[in-house]
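This is upload.tsv (TSV, C-alpha atoms).
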chain	number	residue	atom	x	y	z
A	1	MET	CA	0.00	0.00	0.00
A	2	GLN	CA	1.22	3.49	-0.90
A	3	LYS	CA	0.16	6.76	0.71
A	4	SER	CA	0.38	9.90	-1.46
A	5	THR	CA	-0.30	13.31	0.07
A	6	PHE	CA	-1.39	16.31	-2.02
A	7	ILE	CA	-1.90	19.99	-1.27
A	8	ILE	CA	-4.80	21.35	-3.34
A	9	SER	CA	-4.87	25.12	-2.97
A	10	LYS	CA	-8.35	25.70	-4.48
A	11	MET	CA	-10.10	23.00	-2.44
A	12	ASP	CA	-11.92	25.21	0.06
A	13	CYS	CA	-15.40	23.64	0.27
A	14	PRO	CA	-17.15	20.27	-0.17
A	15	SER	CA	-17.97	21.02	-3.83
A	16	GLU	CA	-14.30	20.66	-4.80
A	17	GLU	CA	-14.02	17.54	-2.62
A	18	ASN	CA	-16.90	15.89	-4.46
A	19	LEU	CA	-15.42	16.79	-7.86
A	20	ILE	CA	-12.13	15.17	-6.86
A	21	ARG	CA	-13.91	12.07	-5.53
A	22	MET	CA	-15.74	11.58	-8.82
A	23	LYS	CA	-12.61	12.11	-10.89
A	24	LEU	CA	-10.60	9.61	-8.87
A	25	ALA	CA	-13.41	7.04	-9.04
A	26	GLU	CA	-11.95	6.07	-12.44
A	27	ILE	CA	-8.82	4.63	-10.80
A	28	GLU	CA	-9.26	1.09	-9.50
A	29	ASP	CA	-6.02	1.05	-7.48
A	30	ILE	CA	-7.28	3.67	-5.01
A	31	GLN	CA	-8.26	2.10	-1.69
A	32	HIS	CA	-9.22	5.16	0.35
A	33	LEU	CA	-9.36	8.97	0.20
A	34	ASP	CA	-8.82	11.16	3.26
A	35	PHE	CA	-9.73	14.86	2.83
A	36	ASP	CA	-8.72	17.71	5.13
A	37	ILE	CA	-10.45	20.77	3.65
A	38	GLN	CA	-9.24	23.11	6.38
A	39	GLU	CA	-5.62	22.37	5.46
A	40	ARG	CA	-6.49	21.85	1.75
A	41	LYS	CA	-4.85	18.44	1.96
A	42	LEU	CA	-5.75	15.13	0.32
A	43	THR	CA	-4.22	11.79	1.29
A	44	VAL	CA	-4.68	8.94	-1.18
A	45	PHE	CA	-4.11	5.32	-0.17
A	46	HIS	CA	-3.43	3.31	-3.31
A	47	LEU	CA	-1.71	0.34	-4.89
A	48	GLY	CA	1.02	0.82	-7.48
A	49	ALA	CA	2.37	4.09	-8.87
A	50	SER	CA	0.76	7.49	-8.34
A	51	SER	CA	1.14	8.81	-11.91
A	52	ARG	CA	-2.52	8.23	-12.87
A	53	ILE	CA	-3.63	9.91	-9.66
A	54	ASP	CA	-1.37	12.89	-10.39
A	55	ASP	CA	-2.81	13.25	-13.90
A	56	ALA	CA	-6.43	12.92	-12.76
A	57	ILE	CA	-6.11	15.58	-10.06
A	58	ALA	CA	-4.12	17.89	-12.36
A	59	SER	CA	-6.90	17.74	-14.98
A	60	LEU	CA	-9.24	19.56	-12.57
A	61	LYS	CA	-6.83	22.52	-12.33
A	62	LEU	CA	-7.36	23.11	-8.62
A	63	GLY	CA	-3.79	24.15	-7.86
A	64	GLU	CA	-2.50	20.73	-6.87
A	65	SER	CA	0.96	19.63	-5.79
A	66	ARG	CA	2.05	16.21	-4.51
A	67	ILE	CA	4.21	16.59	-1.42
A	68	SER	CA	5.00	12.96	-0.64
A	69	THR	CA	4.48	9.29	-1.52
A	70	GLU	CA	5.48	6.63	0.95
A	71	ALA	CA	4.77	3.02	1.84
A	72	THR	CA	2.23	2.36	4.59
A	73	ASP	CA	1.01	-0.67	6.52
A	74	GLN	CA	-2.44	0.82	7.09
A	75	GLU	CA	-5.18	-1.41	5.69
A	76	VAL	CA	-8.25	-0.57	7.79
A	77	PHE	CA	-10.06	2.73	7.30
A	78	ASP	CA	-12.93	4.32	9.17
A	79	GLU	CA	-16.05	4.34	7.02
A	80	ASN	CA	-17.91	7.65	6.88
A	81	THR	CA	-21.40	6.24	7.47
A	82	ARG	CA	-23.03	9.66	7.97
A	83	GLN	CA	-21.78	11.11	4.70
A	84	ARG	CA	-24.93	10.34	2.71
A	85	LYS	CA	-27.21	11.89	5.33
A	86	LEU	CA	-25.11	15.05	5.54
A	87	LEU	CA	-24.91	15.36	1.76
A	88	TRP	CA	-28.70	15.04	1.55
A	89	SER	CA	-29.05	17.81	4.15
A	90	VAL	CA	-26.83	20.31	2.34
A	91	LEU	CA	-28.33	19.35	-1.03
A	92	ILE	CA	-31.86	20.09	0.24
A	93	ILE	CA	-30.75	23.41	1.72
A	94	ASN	CA	-29.02	24.49	-1.49
A	95	PHE	CA	-31.85	23.37	-3.77
A	96	SER	CA	-34.47	25.02	-1.55
A	97	PHE	CA	-32.67	28.33	-1.74
A	98	PHE	CA	-32.29	27.93	-5.48
A	99	VAL	CA	-36.09	27.85	-5.70
A	100	ILE	CA	-36.55	30.69	-3.19
A	101	GLU	CA	-33.97	32.99	-4.80
A	102	MET	CA	-35.11	32.24	-8.35
A	103	ALA	CA	-38.74	33.05	-7.49
A	104	THR	CA	-38.02	36.18	-5.44
A	105	GLY	CA	-35.36	37.32	-7.90
A	106	TRP	CA	-37.78	37.07	-10.81
A	107	PHE	CA	-40.64	38.88	-9.08
A	108	SER	CA	-38.39	41.56	-7.57
A	109	GLN	CA	-36.59	41.99	-10.93
A	110	SER	CA	-33.19	41.33	-9.35
A	111	MET	CA	-30.64	39.62	-11.58
A	112	GLY	CA	-28.33	39.37	-8.57
A	113	LEU	CA	-30.78	37.07	-6.81
A	114	VAL	CA	-31.42	35.08	-9.98
A	115	ALA	CA	-27.69	34.57	-10.47
A	116	ASP	CA	-27.19	33.68	-6.81
A	117	SER	CA	-29.94	31.08	-7.15
A	118	LEU	CA	-27.99	29.44	-9.99
A	119	ASP	CA	-24.91	29.32	-7.77
A	120	MET	CA	-27.00	27.49	-5.17
A	121	LEU	CA	-28.19	25.15	-7.92
A	122	ALA	CA	-24.59	24.52	-8.97
A	123	ASP	CA	-23.73	23.35	-5.44
A	124	ALA	CA	-26.87	21.19	-5.35
A	125	PHE	CA	-25.79	19.60	-8.65
A	126	VAL	CA	-22.41	18.65	-7.21
A	127	TYR	CA	-23.93	17.11	-4.09
A	128	GLY	CA	-26.56	15.38	-6.23
A	129	ILE	CA	-23.95	13.90	-8.53
A	130	SER	CA	-22.21	12.38	-5.53
A	131	LEU	CA	-25.45	10.96	-4.12
A	132	PHE	CA	-27.28	9.71	-7.19
A	133	ALA	CA	-24.20	8.19	-8.77
A	134	VAL	CA	-23.26	6.18	-5.68
A	135	GLY	CA	-23.13	2.53	-6.66
A	136	GLY	CA	-23.53	3.34	-10.32
A	137	THR	CA	-21.15	2.78	-13.18
A	138	LEU	CA	-18.52	5.27	-14.25
A	139	ILE	CA	-20.47	5.84	-17.50
A	140	ARG	CA	-23.54	6.78	-15.50
A	141	LYS	CA	-21.55	9.21	-13.37
A	142	LYS	CA	-20.14	10.91	-16.44
A	143	GLN	CA	-23.56	11.17	-18.07
A	144	ILE	CA	-24.99	12.85	-14.97
A	145	ALA	CA	-22.03	15.24	-14.80
A	146	ARG	CA	-22.42	16.25	-18.46
A	147	LEU	CA	-26.15	16.81	-18.10
A	148	ALA	CA	-25.69	18.97	-15.00
A	149	GLY	CA	-22.87	21.01	-16.55
A	150	TYR	CA	-24.65	21.76	-19.82
A	151	PHE	CA	-27.91	22.64	-18.05
A	152	GLN	CA	-26.04	25.01	-15.75
A	153	ILE	CA	-24.32	26.74	-18.69
A	154	LEU	CA	-27.65	27.07	-20.52
A	155	LEU	CA	-29.24	28.83	-17.54
A	156	ALA	CA	-26.23	31.13	-17.13
A	157	VAL	CA	-26.29	32.10	-20.83
A	158	ILE	CA	-30.00	32.89	-20.61
A	159	GLY	CA	-29.25	34.99	-17.55
A	160	PHE	CA	-26.52	36.91	-19.41
A	161	GLY	CA	-29.00	37.64	-22.19
A	162	GLU	CA	-31.45	39.07	-19.68
A	163	VAL	CA	-28.70	41.22	-18.12
A	164	ILE	CA	-27.83	42.67	-21.54
A	165	ARG	CA	-31.49	43.36	-22.27
A	166	ARG	CA	-31.87	45.22	-19.00
A	167	PHE	CA	-28.70	47.24	-19.61
A	168	ILE	CA	-30.09	48.39	-22.96
A	169	ASN	CA	-33.71	49.00	-21.98
A	170	MET	CA	-35.16	51.17	-19.25
A	171	GLU	CA	-36.32	48.83	-16.53
A	172	ALA	CA	-37.93	49.36	-13.15
A	173	LEU	CA	-35.55	49.28	-10.20
A	174	PRO	CA	-35.18	45.94	-8.43
A	175	ASN	CA	-36.76	45.69	-5.01
A	176	PHE	CA	-33.70	46.39	-2.88
A	177	SER	CA	-35.29	45.22	0.37
A	178	THR	CA	-36.13	41.82	-1.13
A	179	MET	CA	-32.57	41.51	-2.43
A	180	MET	CA	-31.07	42.21	0.96
A	181	ILE	CA	-33.49	40.10	3.02
A	182	VAL	CA	-33.33	37.00	0.79
A	183	SER	CA	-29.53	37.21	0.44
A	184	THR	CA	-29.20	37.46	4.20
A	185	LEU	CA	-31.32	34.32	4.55
A	186	ALA	CA	-29.11	32.61	1.95
A	187	LEU	CA	-26.08	33.62	3.99
A	188	LEU	CA	-27.67	32.00	7.03
A	189	ALA	CA	-28.38	28.87	4.96
A	190	ASN	CA	-24.69	28.61	4.12
A	191	GLY	CA	-24.01	28.95	7.83
A	192	ILE	CA	-26.32	25.99	8.50
A	193	CYS	CA	-24.43	23.95	5.89
A	194	LEU	CA	-21.20	24.87	7.66
A	195	TYR	CA	-22.63	23.74	10.99
A	196	LEU	CA	-23.82	20.40	9.60
A	197	LEU	CA	-20.49	19.66	7.98
A	198	GLN	CA	-18.59	20.66	11.12
A	199	GLN	CA	-20.72	18.18	13.02
A	200	SER	CA	-19.27	15.56	10.71
A	201	LYS	CA	-15.79	16.81	11.54
A	202	SER	CA	-16.49	16.45	15.26
A	203	LYS	CA	-17.34	12.81	14.76
A	204	GLY	CA	-14.04	12.06	13.03
A	205	GLU	CA	-15.31	12.25	9.47
A	206	ALA	CA	-12.37	14.34	8.27
A	207	HIS	CA	-13.31	14.29	4.59
A	208	MET	CA	-16.48	16.29	5.35
A	209	GLN	CA	-14.62	19.19	6.98
A	210	ALA	CA	-15.80	22.53	5.72
A	211	SER	CA	-14.45	25.11	8.16
A	212	MET	CA	-13.29	27.29	5.27
A	213	ILE	CA	-16.73	27.54	3.68
A	214	PHE	CA	-17.13	31.22	4.63
A	215	THR	CA	-14.21	32.08	2.38
A	216	SER	CA	-15.81	30.31	-0.58
A	217	ASN	CA	-17.67	31.90	-3.47
A	218	ASP	CA	-21.08	31.26	-1.92
A	219	VAL	CA	-20.60	33.67	0.96
A	220	ILE	CA	-18.82	36.27	-1.19
A	221	ILE	CA	-21.76	36.17	-3.58
A	222	ASN	CA	-24.31	36.54	-0.76
A	223	LEU	CA	-22.48	39.59	0.56
A	224	GLY	CA	-22.17	40.97	-2.98
A	225	VAL	CA	-25.93	40.80	-3.53
A	226	ILE	CA	-26.56	42.48	-0.17
A	227	LEU	CA	-24.16	45.27	-1.15
A	228	ALA	CA	-25.78	45.56	-4.58
A	229	GLY	CA	-29.20	45.95	-2.92
A	230	ALA	CA	-27.88	48.80	-0.78
A	231	LEU	CA	-26.33	50.48	-3.85
A	232	VAL	CA	-29.55	50.10	-5.87
A	233	HIS	CA	-31.37	51.97	-3.12
A	234	GLY	CA	-28.66	54.56	-2.58
A	235	LEU	CA	-27.96	55.31	-6.26
A	236	GLN	CA	-31.51	54.68	-7.51
A	237	SER	CA	-30.02	52.63	-10.34
A	238	ASN	CA	-30.34	49.02	-11.42
A	239	LYS	CA	-26.70	48.90	-12.57
A	240	PRO	CA	-25.24	47.49	-9.29
A	241	ASP	CA	-27.71	44.61	-9.49
A	242	LEU	CA	-26.81	43.90	-13.13
A	243	ILE	CA	-23.08	44.05	-12.39
A	244	ILE	CA	-23.24	41.59	-9.49
A	245	GLY	CA	-25.50	39.38	-11.58
A	246	SER	CA	-22.94	39.30	-14.39
A	247	ILE	CA	-20.12	38.43	-12.00
A	248	VAL	CA	-22.09	35.56	-10.48
A	249	PHE	CA	-23.09	34.19	-13.90
A	250	ILE	CA	-19.38	34.03	-14.77
A	251	LEU	CA	-18.69	32.08	-11.58
A	252	VAL	CA	-21.59	29.73	-12.38
A	253	ILE	CA	-20.17	29.03	-15.85
A	254	GLN	CA	-16.71	28.36	-14.36
A	255	GLY	CA	-18.28	25.85	-11.99
A	256	ALA	CA	-20.17	24.22	-14.86
A	257	ILE	CA	-16.99	23.83	-16.89
A	258	ARG	CA	-15.37	22.13	-13.91
A	259	ILE	CA	-18.31	19.71	-13.68
A	260	LEU	CA	-18.12	19.01	-17.43
A	261	LYS	CA	-14.54	17.85	-17.00
A	262	LEU	CA	-15.90	14.93	-15.03
A	263	GLY	CA	-17.90	13.84	-18.07
A	264	ARG	CA	-14.89	13.42	-20.34
Represent the structure from my file as structure tokens, please.
Amino acid sequence: MQKSTFIISKMDCPSEENLIRMKLAEIEDIQHLDFDIQERKLTVFHLGASSRIDDAIASLKLGESRISTEATDQEVFDENTRQRKLLWSVLIINFSFFVIEMATGWFSQSMGLVADSLDMLADAFVYGISLFAVGGTLIRKKQIARLAGYFQILLAVIGFGEVIRRFINMEALPNFSTMMIVSTLALLANGICLYLLQQSKSKGEAHMQASMIFTSNDVIINLGVILAGALVHGLQSNKPDLIIGSIVFILVIQGAIRILKLGR
């Protein structure tokens, strides 16, 4: 048995962990994966050489570097029996806020909320891929990943089109109070996800650690929409909302491209 340790600089929330898990599912020699998100560290227990593992992780472009490979006598690993339950919890939270933010964003005419809802959907997709593909074939996993990635890109492109239309035409101002209230609730939802995943950490399930989640894009986006709502009110202009919406749509497309890599 070999133990290879990697530092992955862009692995700062469970979404990146799940992407790595799916990518490495292609390699039969891997016996166990141990994630430490707080330290951005991945330990892979495997048979044979690590070259295929190196190539698979590098293809995700998450800022990886292998720091060691050494022989180990470890053969028994703790099974993370609560992982499925926790993933279901955070999936439901993310998908619920996708629905809430999409509905309130549409009726309040806020592209920031609409874009934020797609970011929530992107996270739900990643959790869903991990859950629904469990026990399935590699082909099935790749099919699900491709479907999720393309659907996400389609929604983001439609959103960009709406942003351009609103830049060109005179539109009513978004409801700034709705923007700020709903985004604050979304921020709290991310806090609940953090709490649930930290509960996993307290029970020794290291791969579910998520103590860095408040530095991830989700929280930055929530704060950005809150700020945009304040600027809409202060400047009496819809431009701050359109700008934050555009930024979030770009982040959504980047996440979709990362998911599509799993379908190759």
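Here CA of Arg52 in chain A and CA of Gln74 in chain A stand 21.3 Å from one another.
Put simply, CA of Phe160 in chain A is 25.9 Å away from CA of Gln143 in chain A.
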Open item on the list: Residues within 8 Å of Ala71 in chain A, please, as JSON, numbers by chain. Count all atoms listed in the file; anything in the same chain fewer than 6 positions from it doesn't count.
Closed with: {"A": [1, 2, 3]}
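The smallest atom-to-atom distance between Gly161 in chain A and any of A:Met111, A:Leu173, A:Ile53, A:Ala228, using only C-alpha atoms, is found for A:Met111.
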TODO: Scan for residues within 10 Å of the point (-24.5, 34.2, -16.0) in the coordinates of the file, using all atoms listed in the file, and reply as a ChimeraX atom specification.
DONE: /A:111-112,114-116,118-119,152-163,244-254
